[in-house]
$ cat target12.txt   # compact mmCIF, C-alpha atoms
# COMPACT_ATOMS: atom_id res chain seq x y z
CA MET A 1 0.00 0.00 0.00
CA LYS A 2 2.82 2.40 0.90
CA PHE A 3 4.38 1.82 -2.55
CA TYR A 4 1.15 2.80 -4.37
CA LEU A 5 0.53 5.86 -2.19
CA LYS A 6 4.09 7.12 -2.66
CA LYS A 7 3.91 6.83 -6.46
CA ALA A 8 0.36 8.25 -6.59
CA PHE A 9 1.40 11.25 -4.48
CA PHE A 10 3.76 12.52 -7.22
CA ILE A 11 0.97 12.25 -9.80
CA PHE A 12 -1.36 14.09 -7.40
CA VAL A 13 1.10 17.00 -7.00
CA TYR A 14 1.28 17.53 -10.79
CA LEU A 15 -2.47 17.02 -11.03
CA VAL A 16 -3.17 19.86 -8.57
CA LEU A 17 -0.72 22.19 -10.35
CA THR A 18 -2.38 21.39 -13.68
CA SER A 19 -5.80 22.09 -12.15
CA PHE A 20 -4.73 25.55 -10.97
CA ILE A 21 -3.47 26.32 -14.48
CA ALA A 22 -6.87 25.17 -15.83
CA MET A 23 -8.60 27.59 -13.41
CA ALA A 24 -6.48 30.46 -14.68
CA ILE A 25 -7.43 29.51 -18.25
CA ILE A 26 -11.16 29.43 -17.41
CA LEU A 27 -10.92 32.94 -15.93
CA ILE A 28 -9.94 34.37 -19.36
CA GLU A 29 -12.94 36.38 -20.55
CA GLY A 30 -14.53 35.21 -23.80
CA GLN A 31 -12.10 33.53 -26.22
CA THR A 32 -13.73 30.07 -26.06
CA LEU A 33 -11.54 28.58 -28.79
CA LEU A 34 -8.40 29.87 -27.10
CA LYS A 35 -9.58 28.40 -23.79
CA VAL A 36 -10.24 25.01 -25.40
CA ALA A 37 -6.79 25.02 -27.04
CA LEU A 38 -5.08 25.98 -23.77
CA LEU A 39 -7.05 23.39 -21.76
CA VAL A 40 -6.15 20.66 -24.26
CA ALA A 41 -2.48 21.73 -24.14
CA ASN A 42 -2.62 21.77 -20.32
CA LEU A 43 -4.13 18.28 -20.23
CA GLY A 44 -1.62 17.07 -22.84
CA LEU A 45 1.31 18.37 -20.79
CA PHE A 46 -0.01 16.67 -17.65
CA LEU A 47 -0.49 13.34 -19.45
CA TYR A 48 3.00 13.65 -20.95
CA ILE A 49 4.53 14.19 -17.49
CA ILE A 50 2.78 11.17 -15.97
CA SER A 51 3.57 9.02 -19.02
CA VAL A 52 7.30 9.77 -18.57
CA MET A 53 7.02 9.00 -14.85
CA ALA A 54 5.13 5.76 -15.53
CA TYR A 55 7.60 4.70 -18.23
CA GLN A 56 10.53 5.11 -15.83
CA ASP A 57 8.64 3.40 -12.99
CA GLY A 58 7.85 0.45 -15.28
CA GLN A 59 11.55 0.11 -16.12
CA LYS A 60 12.55 0.20 -12.44
CA ALA A 61 9.82 -2.27 -11.49
CA LEU A 62 10.93 -4.83 -14.10
CA LYS A 63 14.56 -4.50 -12.98
CA VAL A 64 13.36 -5.29 -9.45
CA ARG A 65 11.51 -8.36 -10.75
CA ILE A 66 14.61 -9.57 -12.62
CA ALA A 67 16.70 -9.14 -9.45
CA ASN A 68 14.00 -10.95 -7.44
CA ASP A 69 13.95 -13.82 -9.95
CA LYS A 70 17.70 -14.28 -9.46
CA GLU A 71 17.17 -14.32 -5.70
CA ARG A 72 14.40 -16.90 -6.11
CA GLU A 73 16.69 -19.11 -8.19
CA TYR A 74 19.35 -18.84 -5.50
CA ILE A 75 16.81 -19.73 -2.80
CA ILE A 76 15.68 -22.80 -4.76
CA LYS A 77 19.29 -23.94 -5.33
CA THR A 78 20.60 -23.34 -1.80
CA GLY A 79 17.50 -23.37 0.41
CA GLU A 80 18.77 -20.18 2.03
CA ASP A 81 16.09 -17.72 3.11
CA ARG A 82 16.65 -14.37 1.39
CA LYS A 83 14.66 -11.15 1.41
CA ILE A 84 12.77 -10.36 -1.81
CA ASN A 85 11.44 -6.91 -2.70
CA ALA A 86 8.02 -8.16 -3.86
CA GLN A 87 6.29 -4.83 -3.19
CA GLU A 88 8.21 -2.93 -5.87
CA GLU A 89 8.52 -5.68 -8.47
CA TYR A 90 6.70 -5.42 -11.79
CA LYS A 91 3.12 -6.57 -12.23
CA ALA A 92 1.14 -5.10 -15.16
CA TYR A 93 -1.85 -4.10 -13.01
CA LYS A 94 0.30 -1.93 -10.72
CA GLY A 95 0.53 0.88 -13.28
CA PHE A 96 -3.27 1.16 -13.49
CA LEU A 97 -3.59 0.86 -9.70
CA ILE A 98 -1.15 3.73 -9.12
CA GLY A 99 -3.24 5.88 -11.49
CA PHE A 100 -6.37 4.90 -9.57
CA PHE A 101 -4.77 5.76 -6.22
CA SER A 102 -3.96 9.28 -7.47
CA CYS A 103 -7.73 9.75 -8.00
CA LEU A 104 -8.70 8.34 -4.61
CA PRO A 105 -8.99 11.80 -2.93
CA MET A 106 -11.55 12.78 -5.61
CA ILE A 107 -13.62 9.62 -5.06
CA VAL A 108 -13.56 10.06 -1.27
CA LEU A 109 -14.48 13.76 -1.53
CA LEU A 110 -17.37 13.03 -3.92
CA ILE A 111 -18.73 10.29 -1.64
CA VAL A 112 -18.44 12.56 1.43
CA GLY A 113 -19.99 15.40 -0.58
CA TYR A 114 -22.89 13.23 -1.74
CA ILE A 115 -23.63 12.15 1.85
CA SER A 116 -23.30 15.68 3.31
CA THR A 117 -25.46 17.34 0.60
CA SER A 118 -28.10 14.62 1.06
CA ILE A 119 -28.31 15.66 4.71
CA ASP A 120 -27.91 19.41 4.11
CA PRO A 121 -27.90 20.72 0.48
CA THR A 122 -25.88 23.79 1.51
CA LYS A 123 -22.87 21.70 2.62
CA THR A 124 -21.06 21.45 -0.71
CA GLY A 125 -17.48 21.89 0.58
CA ALA A 126 -16.26 18.37 -0.18
CA GLU A 127 -17.71 18.39 -3.71
CA GLU A 128 -16.20 21.82 -4.41
CA ALA A 129 -12.81 20.63 -3.13
CA SER A 130 -12.97 17.66 -5.51
CA ASN A 131 -13.88 19.95 -8.39
CA ILE A 132 -10.98 22.30 -7.63
CA LEU A 133 -8.35 19.56 -7.14
CA TYR A 134 -9.29 17.76 -10.37
CA PHE A 135 -10.30 20.84 -12.34
CA PHE A 136 -7.95 20.05 -15.25
CA ALA A 137 -10.60 17.52 -16.36
CA SER A 138 -13.84 19.21 -15.28
CA ALA A 139 -12.72 22.57 -16.74
CA PHE A 140 -14.09 21.47 -20.12
CA ALA A 141 -17.60 21.36 -18.60
CA ASN A 142 -17.16 24.96 -17.34
CA LEU A 143 -16.37 26.63 -20.67
CA ASP A 144 -19.75 28.45 -20.98
CA PRO A 145 -19.37 29.78 -24.58
CA SER A 146 -22.79 31.51 -24.38
CA GLY A 147 -21.74 33.46 -21.27
CA ILE A 148 -24.96 32.78 -19.34
CA TYR A 149 -23.35 31.62 -16.09
CA GLU A 150 -22.08 34.23 -13.67
CA PRO A 151 -19.64 32.08 -11.64
CA ALA A 152 -16.53 30.79 -13.46
CA ILE A 153 -16.98 27.29 -11.99
CA TYR A 154 -20.64 26.30 -12.34
CA ALA A 155 -20.75 22.69 -13.63
CA SER A 156 -21.44 19.66 -11.45
CA PRO A 157 -18.44 18.47 -9.40
CA TYR A 158 -19.10 14.97 -10.78
CA TRP A 159 -17.47 16.11 -14.01
CA SER A 160 -14.18 15.68 -12.14
CA LEU A 161 -14.71 11.92 -12.60
CA LEU A 162 -13.51 12.52 -16.17
CA ALA A 163 -9.99 12.62 -14.70
CA LEU A 164 -10.05 8.93 -13.78
CA PRO A 165 -9.90 7.19 -17.22
CA PRO A 166 -7.05 9.25 -18.78
CA ILE A 167 -4.89 9.04 -15.65
CA MET A 168 -5.39 5.30 -15.16
CA LEU A 169 -4.96 4.43 -18.84
CA THR A 170 -1.96 6.71 -19.46
CA HIS A 171 -0.11 5.57 -16.35
CA GLY A 172 -0.99 1.90 -16.84
CA ILE A 173 -0.04 1.75 -20.54
CA PHE A 174 3.27 3.61 -20.16
CA PHE A 175 4.14 1.57 -17.06
CA MET A 176 3.84 -1.57 -19.22
CA LEU A 177 5.77 0.02 -22.11
CA GLY A 178 8.65 0.91 -19.77
CA ALA A 179 8.75 -2.67 -18.51
CA LYS A 180 8.65 -4.00 -22.09
CA LYS A 181 11.78 -2.00 -22.96
CA ILE A 182 13.75 -3.56 -20.10
CA GLU A 183 12.33 -6.99 -20.91
CA LYS A 184 13.58 -6.68 -24.52
CA GLN A 185 17.02 -5.55 -23.32
CA HIS A 186 17.18 -8.45 -20.85
CA GLN A 187 16.14 -10.93 -23.56
CA THR A 188 18.81 -9.54 -25.93
CA VAL A 189 21.49 -10.01 -23.26
CA LYS A 190 20.29 -13.58 -22.64
CA ASN A 191 20.34 -14.35 -26.37
CA VAL A 192 23.89 -12.98 -26.74
CA HIS A 193 24.98 -14.99 -23.69
CA ARG A 194 23.37 -18.12 -25.16
CA THR A 195 25.08 -17.54 -28.52
CA ILE A 196 28.51 -17.16 -26.90
CA TYR A 197 28.33 -19.74 -24.11
CA GLY A 198 25.49 -22.00 -25.25
CA GLU A 199 22.77 -23.21 -22.87

$ encode --input "target12.txt" --output "structure tokens"
Amino acid sequence: MKFYLKKAFFIFVYLVLTSFIAMAIILIEGQTLLKVALLVANLGLFLYIISVMAYQDGQKALKVRIANDKEREYIIKTGEDRKINAQEEYKAYKGFLIGFFSCLPMIVLLIVGYISTSIDPTKTGAEEASNILYFFASAFANLDPSGIYEPAIYASPYWSLLALPPIMLTHGIFFMLGAKKIEKQHQTVKNVHRTIYGE
């Protein structure tokens, strides 16, 4: 659990920064096309940052698994009990899970908000917090090209749920791609070794 939370925290930090940029974009008066272009660029930059992070994490995780496999072989051969870093080793689902964990504050805030507004409709603090923290996604629902809404942020906070699929998919896919690169390198080394020394 600690591993997922640590990795998700870095995504969350960039996510919040991207959301504040999105808020600044929404505050531009008029210029709907410019806003859309800037919001898309903002989202693209965020996804690029987490894809690079995920790619590197996938590489590190597969290296850990390779090291663990060597330790496992040694344990089988000698019977000696050795420590294995199973928490940080590569599993394909971990990339998607890290992405999910970075969206956990939003899910918790929306659930708390739903319960609190069911009891008292004026208590919207948790929902508003979710909307602000994940505004890089929900900003698209707040564009208001007709200019009929007075507040800059008027759309439902549940639009922030749009953040979940791109984060999970981007992080998960690039996590696997990073691991694939190391796997190919490892296989190449094994093939060269086999060619030189045989089985």

$ residues_around --input "target12.txt" --residues "A:Glu183" --least-positions-apart "2" --cutoff "9 Å" --atoms "only C-alpha atoms" --output "MDAnalysis selection string"
chainID A and resid 59 62:63 66 178:181 185:188

$ atom_distance --input "target12.txt" --atom1 "atom CA of A:Phe9" --atom2 "atom CA of A:Cys103"
9.9 Å

$ residues_near_point --input "target12.txt" --point "(-5.2, 6.7, -10.3)" --cutoff "9 Å" --atoms "only C-alpha atoms" --output "list in words"
Ala8, Ile11, Phe12, Gly95, Phe96, Leu97, Ile98, Gly99, Phe100, Phe101, Ser102, Cys103, Leu104, Ala163, Leu164, Pro165, Ile167, Met168, Leu169 and His171 of chain A

$ residues_near_point --input "target12.txt" --point "(-13.5, 9.8, -5.6)" --cutoff "12 Å" --atoms "only C-alpha atoms" --output "PyMOL selection string"
chain A and resi 100-114+126-127+129-131+133-134+157-164

$ atom_distance --input "target12.txt" --atom1 "atom CA of A:Met53" --atom2 "atom CA of A:Lys7"
9.2 Å

$ residues_around --input "target12.txt" --residues "A:Phe136" --least-positions-apart "2" --cutoff "10 Å" --atoms "all atoms listed in the file" --output "JSON, numbers by chain"
{"A": [15, 16, 17, 18, 19, 20, 21, 22, 23, 25, 39, 40, 42, 43, 46, 131, 132, 133, 134, 138, 139, 140, 160, 162, 163]}

$ write_last_selection --input "target12.txt" --atoms "C-alpha atoms" --output "PDB file, keeping the file's coordinate frame"
ATOM      1  CA  LEU A  15      -2.470  17.020 -11.030  1.00  0.00           C
ATOM      2  CA  VAL A  16      -3.170  19.860  -8.570  1.00  0.00           C
ATOM      3  CA  LEU A  17      -0.720  22.190 -10.350  1.00  0.00           C
ATOM      4  CA  THR A  18      -2.380  21.390 -13.680  1.00  0.00           C
ATOM      5  CA  SER A  19      -5.800  22.090 -12.150  1.00  0.00           C
ATOM      6  CA  PHE A  20      -4.730  25.550 -10.970  1.00  0.00           C
ATOM      7  CA  ILE A  21      -3.470  26.320 -14.480  1.00  0.00           C
ATOM      8  CA  ALA A  22      -6.870  25.170 -15.830  1.00  0.00           C
ATOM      9  CA  MET A  23      -8.600  27.590 -13.410  1.00  0.00           C
ATOM     10  CA  ILE A  25      -7.430  29.510 -18.250  1.00  0.00           C
ATOM     11  CA  LEU A  39      -7.050  23.390 -21.760  1.00  0.00           C
ATOM     12  CA  VAL A  40      -6.150  20.660 -24.260  1.00  0.00           C
ATOM     13  CA  ASN A  42      -2.620  21.770 -20.320  1.00  0.00           C
ATOM     14  CA  LEU A  43      -4.130  18.280 -20.230  1.00  0.00           C
ATOM     15  CA  PHE A  46      -0.010  16.670 -17.650  1.00  0.00           C
ATOM     16  CA  ASN A 131     -13.880  19.950  -8.390  1.00  0.00           C
ATOM     17  CA  ILE A 132     -10.980  22.300  -7.630  1.00  0.00           C
ATOM     18  CA  LEU A 133      -8.350  19.560  -7.140  1.00  0.00           C
ATOM     19  CA  TYR A 134      -9.290  17.760 -10.370  1.00  0.00           C
ATOM     20  CA  SER A 138     -13.840  19.210 -15.280  1.00  0.00           C
ATOM     21  CA  ALA A 139     -12.720  22.570 -16.740  1.00  0.00           C
ATOM     22  CA  PHE A 140     -14.090  21.470 -20.120  1.00  0.00           C
ATOM     23  CA  SER A 160     -14.180  15.680 -12.140  1.00  0.00           C
ATOM     24  CA  LEU A 162     -13.510  12.520 -16.170  1.00  0.00           C
ATOM     25  CA  ALA A 163      -9.990  12.620 -14.700  1.00  0.00           C
TER      26      ALA A 163
END

$ atom_distance --input "target12.txt" --atom1 "atom CA of A:Tyr55" --atom2 "atom CA of A:Glu73"
27.4 Å

$ residues_around --input "target12.txt" --residues "A:Gln31" --least-positions-apart "3" --cutoff "12 Å" --atoms "only C-alpha atoms" --output "PDB file with C-alpha atoms, in the coordinates of the input"
ATOM      1  CA  ILE A  25      -7.430  29.510 -18.250  1.00  0.00           C
ATOM      2  CA  ILE A  26     -11.160  29.430 -17.410  1.00  0.00           C
ATOM      3  CA  LEU A  27     -10.920  32.940 -15.930  1.00  0.00           C
ATOM      4  CA  ILE A  28      -9.940  34.370 -19.360  1.00  0.00           C
ATOM      5  CA  LEU A  34      -8.400  29.870 -27.100  1.00  0.00           C
ATOM      6  CA  LYS A  35      -9.580  28.400 -23.790  1.00  0.00           C
ATOM      7  CA  VAL A  36     -10.240  25.010 -25.400  1.00  0.00           C
ATOM      8  CA  ALA A  37      -6.790  25.020 -27.040  1.00  0.00           C
ATOM      9  CA  LEU A  38      -5.080  25.980 -23.770  1.00  0.00           C
ATOM     10  CA  LEU A 143     -16.370  26.630 -20.670  1.00  0.00           C
ATOM     11  CA  ASP A 144     -19.750  28.450 -20.980  1.00  0.00           C
ATOM     12  CA  PRO A 145     -19.370  29.780 -24.580  1.00  0.00           C
ATOM     13  CA  SER A 146     -22.790  31.510 -24.380  1.00  0.00           C
ATOM     14  CA  GLY A 147     -21.740  33.460 -21.270  1.00  0.00           C
TER      15      GLY A 147
END

$ closest_residue --input "target12.txt" --among "A:Leu33, A:Met176, A:Ile76, A:Val189" --to "A:Ser51" --atoms "all atoms listed in the file"
A:Met176

$ axis_aligned_box --input "target12.txt" --around "stretch 6-21 of chain A" --padding-each-side "8 Å" --output "AutoDock Vina command-line options"
--center_x -0.9 --center_y 16.6 --center_z -8.6 --size_x 25.9 --size_y 35.5 --size_z 27.8

$ closest_residue --input "target12.txt" --among "A:Tyr74, A:Phe10, A:Tyr154, A:Tyr4" --to "A:Glu88" --atoms "only C-alpha atoms"
A:Tyr4

$ residues_around --input "target12.txt" --residues "A:Glu71" --least-positions-apart "2" --cutoff "10 Å" --atoms "only C-alpha atoms" --output "PyMOL selection string"
chain A and resi 65-69+73-77+80-85

$ closest_residue --input "target12.txt" --among "A:Val64, A:Ala141, A:Ile153, A:Leu47" --to "A:Gly172" --atoms "all atoms listed in the file"
A:Leu47
